[in-house]
>>> print(open('target-v3.txt').read())   # compact mmCIF, C-alpha atoms and all ligand atoms
# COMPACT_ATOMS: atom_id res chain seq x y z
CA VAL A 25 24.78 -20.08 29.56
CA ILE A 26 25.48 -16.41 29.03
CA ASN A 27 28.55 -15.17 30.91
CA ARG A 28 27.28 -13.01 33.76
CA ALA A 29 30.55 -11.03 33.67
CA HIS A 30 29.44 -9.32 30.44
CA PHE A 31 26.06 -8.22 31.77
CA SER A 32 27.26 -4.86 33.13
CA GLU A 33 28.59 -4.00 29.69
CA ALA A 34 25.21 -4.89 28.17
CA ILE A 35 23.61 -2.40 30.55
CA THR A 36 26.08 0.25 29.36
CA TRP A 37 25.16 -0.45 25.71
CA ARG A 38 21.48 -0.20 26.58
CA ARG A 39 21.86 3.09 28.42
CA ASN A 40 24.01 4.64 25.69
CA LEU A 41 21.38 3.62 23.14
CA HIS A 42 18.67 5.04 25.36
CA ARG A 43 20.47 8.40 25.55
CA LEU A 44 20.91 8.44 21.79
CA ALA A 45 17.44 7.37 20.72
CA GLN A 46 16.92 7.49 16.96
CA PRO A 47 13.69 6.53 15.17
CA SER A 48 12.88 4.65 11.97
CA TRP A 49 15.47 4.91 9.15
CA LEU A 50 17.63 7.16 11.36
CA GLU A 51 19.16 4.51 13.68
CA PHE A 52 22.76 5.45 12.84
CA TYR A 53 24.08 5.22 16.38
CA ALA A 54 22.61 1.73 16.91
CA THR A 55 23.85 0.61 13.47
CA GLY A 56 27.39 1.83 14.24
CA LEU A 57 27.45 0.40 17.76
CA ILE A 58 26.26 -3.02 16.57
CA ALA A 59 28.51 -3.13 13.49
CA SER A 60 31.65 -2.14 15.40
CA HIS A 61 31.12 -4.80 18.07
CA LEU A 62 30.21 -7.58 15.65
CA THR A 63 33.28 -6.75 13.57
CA ALA A 64 35.51 -6.86 16.63
CA TRP A 65 34.04 -10.23 17.61
CA GLY A 66 34.84 -11.80 14.26
CA TYR A 67 31.45 -11.67 12.57
CA GLU A 68 31.00 -11.16 8.87
CA VAL A 69 29.10 -7.86 8.88
CA LYS A 70 26.72 -6.67 6.17
CA LEU A 71 25.48 -3.10 5.94
CA GLY A 72 23.61 -0.63 3.76
CA THR A 73 22.29 -1.75 0.39
CA GLU A 74 23.79 -5.25 0.87
CA ILE A 75 20.89 -5.84 3.27
CA PHE A 76 18.51 -2.97 2.49
CA ASP A 77 16.42 -2.37 -0.63
CA PRO A 78 16.12 1.43 -1.03
CA SER A 79 12.99 1.02 -3.18
CA LYS A 80 11.24 -0.39 -0.07
CA GLN A 81 12.08 2.58 2.14
CA LEU A 82 8.54 3.81 2.88
CA LEU A 83 8.16 7.36 4.26
CA PRO A 84 11.87 8.27 4.09
CA PRO A 85 13.10 11.07 6.36
CA SER A 86 14.11 14.46 4.93
CA ALA A 87 17.72 15.08 3.89
CA GLU A 88 18.06 17.47 6.84
CA ARG A 89 16.92 14.85 9.36
CA LEU A 90 19.21 12.23 7.81
CA ALA A 91 22.21 14.57 8.07
CA GLU A 92 21.31 15.64 11.60
CA GLU A 93 21.07 12.10 12.98
CA TYR A 94 24.06 10.82 10.97
CA ASN A 95 26.19 13.59 12.45
CA ARG A 96 24.80 12.94 15.92
CA ALA A 97 26.08 9.35 15.71
CA LEU A 98 29.50 10.53 14.53
CA ALA A 99 29.68 13.08 17.35
CA ALA A 100 28.93 10.27 19.81
CA GLY A 101 32.06 8.44 18.67
CA ILE A 102 30.76 6.07 15.98
CA LYS A 103 33.45 5.41 13.35
CA GLU A 104 32.20 6.53 9.95
CA GLU A 105 33.17 3.27 8.20
CA PHE A 106 30.33 1.55 10.10
CA ILE A 107 27.58 3.97 9.08
CA LEU A 108 28.68 5.29 5.70
CA PRO A 109 26.83 2.42 3.90
CA ALA A 110 23.65 3.43 5.80
CA LYS A 111 23.90 7.11 4.93
CA GLY A 112 20.61 7.37 2.99
CA GLY A 113 18.73 5.94 5.97
CA TYR A 114 19.62 2.37 4.96
CA THR A 115 20.08 1.40 8.58
CA GLY A 116 20.31 -2.04 10.18
CA VAL A 117 23.03 -4.69 10.44
CA VAL A 118 23.35 -8.37 9.59
CA GLY A 119 26.10 -10.34 11.32
CA ILE A 120 27.07 -13.88 10.38
CA LEU A 121 29.23 -16.34 12.30
CA ARG A 122 30.01 -19.71 10.76
CA GLY A 123 30.91 -22.75 12.78
CA THR A 124 33.50 -25.34 11.86
CA SER A 125 31.06 -28.25 11.72
CA PRO A 126 27.84 -28.57 9.70
CA GLY A 127 24.44 -27.65 11.13
CA PRO A 128 21.40 -25.45 10.69
CA THR A 129 21.27 -21.73 10.09
CA VAL A 130 19.81 -20.19 13.24
CA ALA A 131 18.81 -16.53 12.90
CA TYR A 132 17.90 -14.03 15.58
CA ARG A 133 15.98 -10.88 14.81
CA PHE A 134 16.20 -7.79 17.02
CA ASP A 135 14.59 -4.41 16.27
CA ILE A 136 16.65 -1.28 16.88
CA ASP A 137 14.49 1.85 16.39
CA SER A 138 13.22 4.35 18.96
CA ASN A 139 9.85 6.03 19.08
CA GLU A 140 9.15 9.56 17.93
CA ALA A 141 7.90 10.79 21.27
CA ARG A 142 9.05 12.77 24.27
CA GLU A 143 10.45 11.03 27.34
CA SER A 144 9.67 12.14 30.90
CA GLN A 145 12.47 14.12 32.53
CA GLU A 146 10.90 13.74 36.02
CA LYS A 147 13.11 12.29 38.75
CA SER A 148 10.47 9.62 39.39
CA HIS A 149 11.37 8.23 35.95
CA ARG A 150 14.46 6.06 36.42
CA PRO A 151 16.26 6.89 33.15
CA ALA A 152 15.99 10.59 34.07
CA ALA A 153 17.01 10.02 37.70
CA ASP A 154 20.00 7.87 36.66
CA GLY A 155 21.07 10.24 33.89
CA PHE A 156 20.37 8.18 30.79
CA ALA A 157 17.12 9.72 29.54
CA SER A 158 17.05 10.52 25.84
CA THR A 159 19.05 13.56 24.77
CA VAL A 160 17.51 13.56 21.27
CA PRO A 161 14.62 16.03 20.86
CA ARG A 162 11.22 14.33 20.39
CA CYS A 163 12.79 10.85 20.19
CA ALA A 164 13.00 8.21 22.91
CA HIS A 165 13.22 4.47 23.41
CA LEU A 166 9.75 3.92 24.87
CA CYS A 167 9.24 0.41 23.53
CA GLY A 168 12.40 -1.26 24.84
CA HIS A 169 14.20 -1.76 21.53
CA ASP A 170 17.34 -0.41 23.24
CA GLY A 171 17.02 -3.49 25.46
CA HIS A 172 16.52 -5.69 22.40
CA VAL A 173 19.79 -4.42 20.89
CA ALA A 174 21.67 -5.01 24.15
CA MET A 175 20.17 -8.51 24.37
CA GLY A 176 21.27 -9.26 20.81
CA LEU A 177 24.80 -7.97 21.38
CA LEU A 178 25.15 -9.96 24.62
CA LEU A 179 24.08 -13.08 22.72
CA ALA A 180 26.39 -12.30 19.78
CA ARG A 181 29.33 -11.98 22.12
CA HIS A 182 28.44 -15.30 23.72
CA PHE A 183 28.60 -17.04 20.34
CA SER A 184 31.90 -15.36 19.45
CA GLU A 185 33.42 -16.65 22.70
CA ASN A 186 32.03 -20.15 22.14
CA ARG A 187 32.76 -20.42 18.47
CA ALA A 188 34.03 -23.99 18.72
CA LYS A 189 30.52 -25.08 19.72
CA ILE A 190 28.83 -23.54 16.69
CA LYS A 191 27.38 -26.02 14.26
CA GLY A 192 26.27 -24.48 11.01
CA THR A 193 25.67 -20.74 10.93
CA VAL A 194 24.48 -18.16 13.42
CA LYS A 195 22.92 -15.06 11.93
CA PHE A 196 21.92 -11.81 13.61
CA ILE A 197 19.39 -9.57 11.92
CA PHE A 198 19.31 -6.16 13.59
CA GLN A 199 16.27 -4.65 11.89
CA PRO A 200 15.47 -0.94 11.54
CA ASN A 201 11.99 0.57 11.56
CA GLU A 202 9.77 -1.81 13.46
CA GLU A 203 7.63 1.03 14.80
CA ASN A 204 6.35 1.90 11.33
CA LEU A 205 6.34 -1.81 10.44
CA SER A 206 8.54 -1.27 7.38
CA GLY A 207 12.04 -2.53 8.23
CA ALA A 208 11.50 -6.23 7.57
CA ALA A 209 10.04 -5.46 4.15
CA ALA A 210 13.17 -3.48 3.25
CA MET A 211 15.57 -6.29 4.27
CA ILE A 212 13.80 -9.38 2.90
CA PRO A 213 14.32 -8.59 -0.83
CA LYS A 214 18.09 -8.58 -0.20
CA GLY A 215 18.02 -12.22 0.85
CA VAL A 216 18.71 -11.81 4.56
CA LEU A 217 16.49 -14.84 5.25
CA ASP A 218 17.94 -17.10 2.54
CA GLY A 219 18.76 -20.50 4.00
CA VAL A 220 17.42 -19.66 7.47
CA ASP A 221 16.17 -22.85 9.17
CA PHE A 222 15.15 -21.30 12.48
CA LEU A 223 14.18 -17.67 13.17
CA LEU A 224 13.81 -16.46 16.74
CA GLY A 225 12.69 -13.13 18.12
CA GLY A 226 10.65 -11.51 20.83
CA HIS A 227 9.59 -8.41 22.72
CA LEU A 228 10.29 -7.08 26.18
CA GLY A 229 7.53 -6.43 28.67
CA VAL A 230 4.45 -6.73 26.49
CA ALA A 231 1.70 -8.53 28.45
CA VAL A 232 4.21 -10.17 30.82
CA PRO A 233 4.92 -7.60 33.55
CA GLU A 234 7.24 -9.64 35.75
CA THR A 235 10.95 -10.46 35.58
CA GLY A 236 11.61 -14.19 35.39
CA LYS A 237 8.49 -14.94 33.38
CA ILE A 238 8.53 -15.80 29.71
CA ALA A 239 5.63 -16.38 27.31
CA ILE A 240 6.45 -18.93 24.64
CA ASP A 241 3.61 -19.25 22.15
CA VAL A 242 2.68 -15.66 21.39
CA HIS A 243 -0.32 -15.84 19.12
CA SER A 244 -3.16 -13.67 17.84
CA SER A 245 -0.85 -11.21 16.08
CA LEU A 246 -2.83 -8.76 14.01
CA ALA A 247 -2.21 -8.18 10.33
CA VAL A 248 -2.06 -4.44 9.67
CA THR A 249 -2.22 -2.15 6.64
CA ARG A 250 -1.57 1.57 6.91
CA SER A 251 -2.28 4.23 4.30
CA GLU A 252 -2.06 7.97 3.85
CA VAL A 253 -5.30 9.20 2.30
CA THR A 254 -5.75 12.56 0.56
CA PHE A 255 -8.99 14.06 -0.78
CA ARG A 256 -8.59 17.00 -3.16
CA GLY A 257 -11.42 19.33 -4.18
CA LYS A 258 -11.65 22.93 -5.25
CA PRO A 259 -11.47 26.09 -3.08
CA SER A 260 -14.07 28.79 -3.31
CA HIS A 261 -15.42 31.68 -1.19
CA SER A 262 -17.76 30.14 1.36
CA GLY A 263 -19.95 33.29 1.47
CA THR A 264 -20.22 34.45 -2.12
CA ARG A 265 -19.90 31.24 -4.20
CA PRO A 266 -19.91 28.05 -2.08
CA ASP A 267 -21.55 26.38 -5.07
CA LEU A 268 -18.29 26.65 -7.06
CA GLY A 269 -16.25 24.77 -4.44
CA LYS A 270 -15.67 21.07 -3.99
CA ASN A 271 -15.45 20.36 -0.28
CA ALA A 272 -12.64 17.92 0.56
CA LEU A 273 -13.43 18.13 4.26
CA LEU A 274 -16.99 16.94 3.79
CA GLY A 275 -15.71 14.03 1.72
CA ALA A 276 -13.20 13.11 4.44
CA CYS A 277 -15.83 13.34 7.20
CA ALA A 278 -18.26 11.16 5.26
CA ALA A 279 -15.48 8.68 4.59
CA ILE A 280 -14.25 8.51 8.17
CA THR A 281 -17.64 7.97 9.83
CA ASN A 282 -18.40 5.26 7.29
CA LEU A 283 -14.99 3.61 7.72
CA TYR A 284 -15.89 2.98 11.34
CA ALA A 285 -19.28 1.66 10.19
CA ILE A 286 -17.88 -1.16 8.03
CA ALA A 287 -19.72 -4.35 8.96
CA ARG A 288 -17.35 -6.52 10.95
CA HIS A 289 -16.24 -9.83 9.54
CA GLY A 290 -17.96 -12.68 11.33
CA LEU A 291 -14.97 -15.01 11.47
CA GLY A 292 -12.56 -13.00 13.59
CA PRO A 293 -11.63 -9.69 15.24
CA SER A 294 -10.74 -6.64 13.17
CA ARG A 295 -9.93 -2.99 13.81
CA ILE A 296 -10.00 0.29 11.94
CA ASN A 297 -8.60 3.64 12.99
CA VAL A 298 -8.05 7.10 11.59
CA GLY A 299 -5.37 8.54 13.85
CA VAL A 300 -4.56 11.89 12.23
CA ILE A 301 -6.52 14.36 10.11
CA GLU A 302 -5.32 17.63 8.64
CA GLY A 303 -6.91 19.96 6.14
CA GLY A 304 -8.59 23.19 5.15
CA SER A 305 -7.21 26.68 5.38
CA THR A 306 -9.51 29.19 7.11
CA TRP A 307 -13.12 30.22 7.99
CA ASN A 308 -14.30 31.44 4.65
CA VAL A 309 -12.76 29.03 2.17
CA ILE A 310 -14.30 25.76 1.03
CA PRO A 311 -11.59 23.23 2.08
CA GLU A 312 -9.56 22.17 -0.93
CA ARG A 313 -7.46 19.39 0.59
CA VAL A 314 -7.78 16.98 3.52
CA TYR A 315 -5.23 14.37 4.53
CA PHE A 316 -5.61 11.54 7.01
CA LYS A 317 -3.80 8.45 8.27
CA MET A 318 -5.82 5.26 8.25
CA GLU A 319 -5.06 1.73 9.38
CA THR A 320 -6.90 -1.58 9.40
CA ARG A 321 -5.96 -4.63 11.44
CA ALA A 322 -7.26 -8.16 11.74
CA ILE A 323 -6.47 -11.50 13.27
CA GLU A 324 -6.21 -13.16 9.84
CA ASN A 325 -4.69 -11.77 6.66
CA SER A 326 -7.91 -12.58 4.78
CA ILE A 327 -9.99 -10.54 7.25
CA ASN A 328 -7.58 -7.63 6.93
CA ASP A 329 -7.95 -7.91 3.14
CA TYR A 330 -11.73 -7.71 3.62
CA MET A 331 -11.35 -4.56 5.77
CA GLN A 332 -9.07 -3.02 3.14
CA ALA A 333 -11.47 -3.82 0.29
CA LYS A 334 -14.41 -2.32 2.20
CA ALA A 335 -12.35 0.72 3.19
CA ARG A 336 -11.46 1.33 -0.48
CA GLU A 337 -15.15 1.26 -1.38
CA VAL A 338 -15.95 3.79 1.34
CA LEU A 339 -13.12 6.10 0.25
CA SER A 340 -13.97 6.01 -3.43
CA GLY A 341 -17.70 6.33 -2.64
CA ALA A 342 -17.08 9.45 -0.57
CA ALA A 343 -14.85 10.89 -3.30
CA LYS A 344 -17.59 10.31 -5.85
CA MET A 345 -20.31 11.79 -3.67
CA TYR A 346 -18.42 15.08 -3.24
CA ASP A 347 -16.69 15.06 -6.67
CA LEU A 348 -13.19 14.86 -5.19
CA LYS A 349 -9.89 13.39 -6.30
CA LEU A 350 -8.71 10.55 -4.09
CA GLU A 351 -5.11 9.49 -3.47
CA VAL A 352 -4.19 6.50 -1.27
CA VAL A 353 -0.48 5.97 -0.55
CA PRO A 354 0.64 2.77 1.22
CA ALA A 355 2.49 3.51 4.46
CA ALA A 356 3.13 0.04 5.89
CA SER A 357 1.76 -3.42 6.05
CA CYS A 358 2.57 -6.67 7.75
CA PRO A 359 0.81 -9.99 8.04
CA SER A 360 -0.61 -11.84 10.96
CA GLY A 361 1.42 -14.89 11.85
CA HIS A 362 1.92 -17.86 14.07
CA ASN A 363 4.78 -19.68 15.72
CA SER A 364 5.88 -23.07 14.44
CA PRO A 365 4.46 -25.78 16.76
CA GLU A 366 7.76 -27.71 16.79
CA LEU A 367 9.67 -24.67 18.05
CA VAL A 368 6.97 -23.88 20.61
CA ALA A 369 7.42 -27.38 22.05
CA ILE A 370 11.20 -26.95 22.21
CA GLY A 371 10.84 -23.45 23.68
CA LEU A 372 8.63 -24.75 26.49
CA GLU A 373 11.16 -27.45 27.39
CA VAL A 374 14.14 -25.10 27.21
CA ALA A 375 12.52 -22.34 29.29
CA LYS A 376 11.50 -24.73 32.06
CA LYS A 377 15.12 -25.65 32.75
CA LEU A 378 16.58 -22.14 33.02
CA PRO A 379 17.53 -21.21 36.60
CA TRP A 380 16.10 -17.67 36.48
CA VAL A 381 12.70 -18.73 35.14
CA LYS A 382 9.93 -18.34 37.71
CA GLU A 383 7.09 -19.15 35.39
CA VAL A 384 6.69 -20.29 31.81
CA ILE A 385 3.50 -18.96 30.26
CA PRO A 386 2.69 -21.57 27.60
CA ASP A 387 0.65 -19.31 25.35
CA ILE A 388 -0.67 -15.80 25.22
CA ALA A 389 -2.92 -13.83 22.86
CA TRP A 390 -1.28 -10.43 22.53
CA PHE A 391 -3.21 -8.64 19.73
CA GLY A 392 -0.05 -6.79 18.75
CA SER A 393 1.30 -6.20 15.27
CA GLU A 394 4.95 -6.93 14.55
CA ASP A 395 6.81 -7.00 11.28
CA PHE A 396 8.70 -10.00 12.66
CA MET A 397 5.66 -11.81 11.24
CA LEU A 398 6.63 -10.79 7.70
CA MET A 399 10.00 -12.49 8.22
CA ALA A 400 8.22 -15.42 9.87
CA GLU A 401 6.01 -15.89 6.81
CA VAL A 402 9.06 -16.01 4.50
CA VAL A 403 10.95 -18.49 6.69
CA GLN A 404 7.94 -20.77 7.08
CA LYS A 405 7.29 -20.69 3.32
CA GLN A 406 10.86 -21.90 2.68
CA GLY A 407 10.34 -24.78 5.12
CA GLY A 408 11.91 -23.22 8.22
CA GLN A 409 10.48 -22.70 11.69
CA VAL A 410 9.91 -19.56 13.75
CA LEU A 411 9.40 -18.61 17.38
CA PHE A 412 8.37 -15.23 18.79
CA VAL A 413 8.34 -14.95 22.59
CA LEU A 414 7.62 -12.29 25.22
CA HIS A 415 10.32 -11.52 27.81
CA GLY A 416 8.89 -10.69 31.24
CA THR A 417 9.69 -7.41 32.99
CA PRO A 418 7.79 -4.70 34.85
CA ILE A 419 7.58 -1.68 32.57
CA GLY A 420 7.00 1.55 34.50
CA GLY A 421 4.56 3.38 32.26
CA GLY A 422 3.09 1.41 29.36
CA HIS A 423 4.83 0.91 26.04
CA HIS A 424 5.10 4.19 24.10
CA SER A 425 4.24 6.23 27.21
CA GLU A 426 6.65 8.90 28.41
CA THR A 427 7.52 6.91 31.55
CA PHE A 428 8.20 3.54 29.90
CA ASP A 429 11.11 1.70 31.51
CA PHE A 430 12.04 -1.94 32.10
CA ASP A 431 14.08 -4.15 34.40
CA GLU A 432 17.47 -4.58 32.72
CA GLU A 433 17.64 -8.13 34.06
CA ALA A 434 15.36 -8.95 31.11
CA ILE A 435 18.34 -8.30 28.80
CA TYR A 436 20.29 -11.11 30.41
CA ASN A 437 17.28 -13.42 30.63
CA GLY A 438 16.35 -12.97 26.98
CA ALA A 439 19.90 -13.61 25.76
CA ASP A 440 20.17 -16.66 28.01
CA PHE A 441 16.93 -18.13 26.67
CA TYR A 442 18.09 -17.67 23.06
CA ALA A 443 21.48 -19.23 23.85
CA ALA A 444 19.78 -22.24 25.46
CA MET A 445 17.49 -22.58 22.42
CA TYR A 446 20.59 -22.71 20.24
CA ASP A 447 22.15 -25.48 22.29
CA THR A 448 19.00 -27.57 22.00
CA LEU A 449 18.44 -26.88 18.29
CA THR A 450 21.98 -27.95 17.42
CA SER A 451 22.21 -30.99 19.70
CA ARG A 452 19.22 -32.94 18.43
ZN ZN B 1 8.40 -2.62 20.25
ZN ZN B 2 6.57 -0.04 19.90
>>> encode(input="target-v3.txt", output="structure tokens")
Amino acid sequence: VINRAHFSEAITWRRNLHRLAQPSWLEFYATGLIASHLTAWGYEVKLGTEIFDPSKQLLPPSAERLAEEYNRALAAGIKEEFILPAKGGYTGVVGILRGTSPGPTVAYRFDIDSNEARESQEKSHRPAADGFASTVPRCAHLCGHDGHVAMGLLLARHFSENRAKIKGTVKFIFQPNEENLSGAAAMIPKGVLDGVDFLLGGHLGVAVPETGKIAIDVHSSLAVTRSEVTFRGKPSHSGTRPDLGKNALLGACAAITNLYAIARHGLGPSRINVGVIEGGSTWNVIPERVYFKMETRAIENSINDYMQAKAREVLSGAAKMYDLKLEVVPAASCPSGHNSPELVAIGLEVAKKLPWVKEVIPDIAWFGSEDFMLMAEVVQKQGGQVLFVLHGTPIGGGHHSETFDFDEEAIYNGADFYAAMYDTLTSR
């Protein structure tokens, strides 16, 4: 049972994180806050390239942004020793606590990044009314990962205060860059999952809008693949010699309408979206370059592979039709995934017995994408088990909306569930 006396401190951590929201690869404040506490509580703490493969850092921020956010964390009181290893945007923390008797390695994964979006400053929005709205321009915690960090720290403190009861090893994986689905892929090559027998994680608020509820078997995660696509042609005067140009915009338009026309796979749901398009220069020039962001998703990895293969045919077909050069740069990908049935069964039993639980939702199809599933795949392949749950809370505006907020009680509830899972997993 998590000590209720520490809950007010967890709220302080959450609100400080909320004020200092930093997005993917720039989570220096969160990294420093987590590392300093874990160190003080006796954890072995790993940072920077010990847990982060720089060659997997997709879409890295500019040097200016890195310096700006690094300095923002220092100005907020983070000691440089805790973020120096993360200086190139190699954010995230792994904390390890070993027990005195043998047992399994139980790992918990919490994501730490904010969104790149503006937060409401209206007084009807509680973080603004209570003075903890984001102070970072164009960045805000609108997905609840500030709550995930606070939940993880509350749980980590619990283990440090009950160290005599630890059997085997407890491991905390505080993962950067969930929003662009790239953080897990950067950590896995460094062995952060080596020897993990059980991996647990979850998300606040998604599909469970009531405090005291918890959804155990979260299924129907979507595999996702994101790319940046560029068509390049040749500019020419649109009045005098349009015949000398090669129109990248026409190629992109043909591609995009046909991307949405891909015949859907009969064996399961899939999605395709082009969310951004930029290109061309002015009225009287044949557009030379068009760029867009494309993603496919599907309920099974194989169906996502089908969508990707078809999308590639459409892109190269459009390039050929308009005599354009095509460039496709991977931006992120993560698999679909499923919880381990054994852990689902244990999770259901554990949740039922917790005093704050009003309702256990046995299973839920959420149609979200989460790079937790990439870690899940690795752990299951090495013979371990995984569980991803949804922590109930009302959420103000929806996730990623400017008025997103959650009931901080969910921080306590989530940590308490994970602590109870630990007790059961190590007492069998
Ligand atoms: Zn999220
Ligand atoms: Zn999100």
>>> residues_around(input="target-v3.txt", residues="segment 412-418 of chain A", least_positions_apart="4", cutoff="6 Å", atoms="all atoms listed in the file", output="list in words")
Leu224, Gly225, Gly226, His227, Leu228, Gly229, Val232, Pro233, Glu234, Thr235, Lys237, Ile238, Ala239, Ile240, Val242, Phe430 and Asp431 of chain A
>>> residues_near_ligand(input="target-v3.txt", ligand="ligand ZN 2 (chain B)", cutoff="7 Å", atoms="all atoms listed in the file", output="ChimeraX atom specification")
/A:139,167,203,423-424
>>> atom_distance(input="target-v3.txt", atom1="atom CA of Phe106 of chain A", atom2="atom CA of Gly56 of chain A")
5.1 Å
>>> atom_distance(input="target-v3.txt", atom1="atom CA of Val130 of chain A", atom2="atom CA of Lys376 of chain A")
21.1 Å
>>> atom_distance(input="target-v3.txt", atom1="atom CA of Arg321 of chain A", atom2="atom CA of Pro293 of chain A")
8.5 Å
>>> residues_around(input="target-v3.txt", residues="Ala97 of chain A", least_positions_apart="4", cutoff="9 Å", atoms="all atoms listed in the file", output="VMD selection string")
chain A and resid 44 51 to 54 56 92 to 93 101 to 104 107
>>> closest_residue(input="target-v3.txt", among="A:Ala369, A:Ala91, A:Leu57, A:Ala389", to="Val410 of chain A", atoms="all atoms listed in the file")
A:Ala369
>>> closest_residue(input="target-v3.txt", among="A:Ala141, A:Leu177, A:Ile136, A:Met397", to="ligand ZN 1 (chain B)", atoms="all atoms listed in the file")
A:Ile136
>>> residues_around(input="target-v3.txt", residues="Ala444 of chain A", least_positions_apart="2", cutoff="12 Å", atoms="all atoms listed in the file", output="list in words")
Val25, Ile26, Leu179, His182, Phe183, Ile370, Gly371, Leu372, Glu373, Val374, Ala375, Lys376, Lys377, Leu378, Pro379, Asn437, Gly438, Ala439, Asp440, Phe441, Tyr442, Tyr446, Asp447, Thr448, Leu449, Thr450 and Ser451 of chain A
>>> residues_around(input="target-v3.txt", residues="segment 59-65 of chain A", least_positions_apart="4", cutoff="12 Å", atoms="only C-alpha atoms", output="PyMOL selection string")
chain A and resi 33-34+37+52-55+69-72+101-110+115-121+173-174+176-187+195-198
>>> closest_residue(input="target-v3.txt", among="A:Tyr67, A:Trp49, A:Phe134, A:Trp307", to="Thr193 of chain A", atoms="all atoms listed in the file")
A:Tyr67
>>> build_atoms(input="target-v3.txt", residues="segment 46-51 of chain A", atoms="all heavy atoms", output="PDB file, in the coordinates of the input")
ATOM      1  N   GLN A  46      17.169   7.048  18.332  1.00  0.00           N
ATOM      2  CA  GLN A  46      16.920   7.490  16.960  1.00  0.00           C
ATOM      3  C   GLN A  46      15.827   6.628  16.337  1.00  0.00           C
ATOM      4  O   GLN A  46      15.863   5.402  16.442  1.00  0.00           O
ATOM      5  CB  GLN A  46      18.215   7.406  16.129  1.00  0.00           C
ATOM      6  CG  GLN A  46      19.267   8.406  16.627  1.00  0.00           C
ATOM      7  CD  GLN A  46      20.591   8.312  15.901  1.00  0.00           C
ATOM      8  OE1 GLN A  46      21.129   7.217  15.734  1.00  0.00           O
ATOM      9  NE2 GLN A  46      21.116   9.439  15.453  1.00  0.00           N
ATOM     10  N   PRO A  47      14.852   7.270  15.683  1.00  0.00           N
ATOM     11  CA  PRO A  47      13.690   6.530  15.170  1.00  0.00           C
ATOM     12  C   PRO A  47      13.933   5.937  13.784  1.00  0.00           C
ATOM     13  O   PRO A  47      15.030   6.030  13.225  1.00  0.00           O
ATOM     14  CB  PRO A  47      12.598   7.592  15.151  1.00  0.00           C
ATOM     15  CG  PRO A  47      13.333   8.857  14.873  1.00  0.00           C
ATOM     16  CD  PRO A  47      14.692   8.716  15.499  1.00  0.00           C
ATOM     17  N   SER A  48      12.880   5.376  13.236  1.00  0.00           N
ATOM     18  CA  SER A  48      12.880   4.650  11.970  1.00  0.00           C
ATOM     19  C   SER A  48      13.697   5.301  10.856  1.00  0.00           C
ATOM     20  O   SER A  48      13.491   6.473  10.538  1.00  0.00           O
ATOM     21  CB  SER A  48      11.434   4.507  11.501  1.00  0.00           C
ATOM     22  OG  SER A  48      10.704   3.802  12.482  1.00  0.00           O
ATOM     23  N   TRP A  49      14.572   4.525  10.258  1.00  0.00           N
ATOM     24  CA  TRP A  49      15.470   4.910   9.150  1.00  0.00           C
ATOM     25  C   TRP A  49      16.559   5.890   9.602  1.00  0.00           C
ATOM     26  O   TRP A  49      17.326   6.366   8.785  1.00  0.00           O
ATOM     27  CB  TRP A  49      14.745   5.527   7.959  1.00  0.00           C
ATOM     28  CG  TRP A  49      13.577   4.812   7.338  1.00  0.00           C
ATOM     29  CD1 TRP A  49      12.452   5.411   6.852  1.00  0.00           C
ATOM     30  CD2 TRP A  49      13.406   3.410   7.058  1.00  0.00           C
ATOM     31  NE1 TRP A  49      11.588   4.471   6.318  1.00  0.00           N
ATOM     32  CE2 TRP A  49      12.147   3.234   6.431  1.00  0.00           C
ATOM     33  CE3 TRP A  49      14.202   2.282   7.292  1.00  0.00           C
ATOM     34  CZ2 TRP A  49      11.652   1.984   6.039  1.00  0.00           C
ATOM     35  CZ3 TRP A  49      13.708   1.036   6.901  1.00  0.00           C
ATOM     36  CH2 TRP A  49      12.459   0.901   6.278  1.00  0.00           C
ATOM     37  N   LEU A  50      16.625   6.204  10.882  1.00  0.00           N
ATOM     38  CA  LEU A  50      17.630   7.160  11.360  1.00  0.00           C
ATOM     39  C   LEU A  50      18.505   6.535  12.457  1.00  0.00           C
ATOM     40  O   LEU A  50      19.209   7.240  13.172  1.00  0.00           O
ATOM     41  CB  LEU A  50      16.940   8.414  11.917  1.00  0.00           C
ATOM     42  CG  LEU A  50      16.154   9.248  10.891  1.00  0.00           C
ATOM     43  CD1 LEU A  50      15.255  10.268  11.589  1.00  0.00           C
ATOM     44  CD2 LEU A  50      17.106   9.963   9.939  1.00  0.00           C
ATOM     45  N   GLU A  51      18.482   5.191  12.557  1.00  0.00           N
ATOM     46  CA  GLU A  51      19.160   4.510  13.680  1.00  0.00           C
ATOM     47  C   GLU A  51      20.650   4.383  13.395  1.00  0.00           C
ATOM     48  O   GLU A  51      21.208   3.277  13.381  1.00  0.00           O
ATOM     49  CB  GLU A  51      18.547   3.120  13.908  1.00  0.00           C
ATOM     50  CG  GLU A  51      17.029   3.073  13.988  1.00  0.00           C
ATOM     51  CD  GLU A  51      16.378   2.774  12.627  1.00  0.00           C
ATOM     52  OE1 GLU A  51      16.975   3.142  11.586  1.00  0.00           O
ATOM     53  OE2 GLU A  51      15.306   2.179  12.591  1.00  0.00           O
TER      54      GLU A  51
END
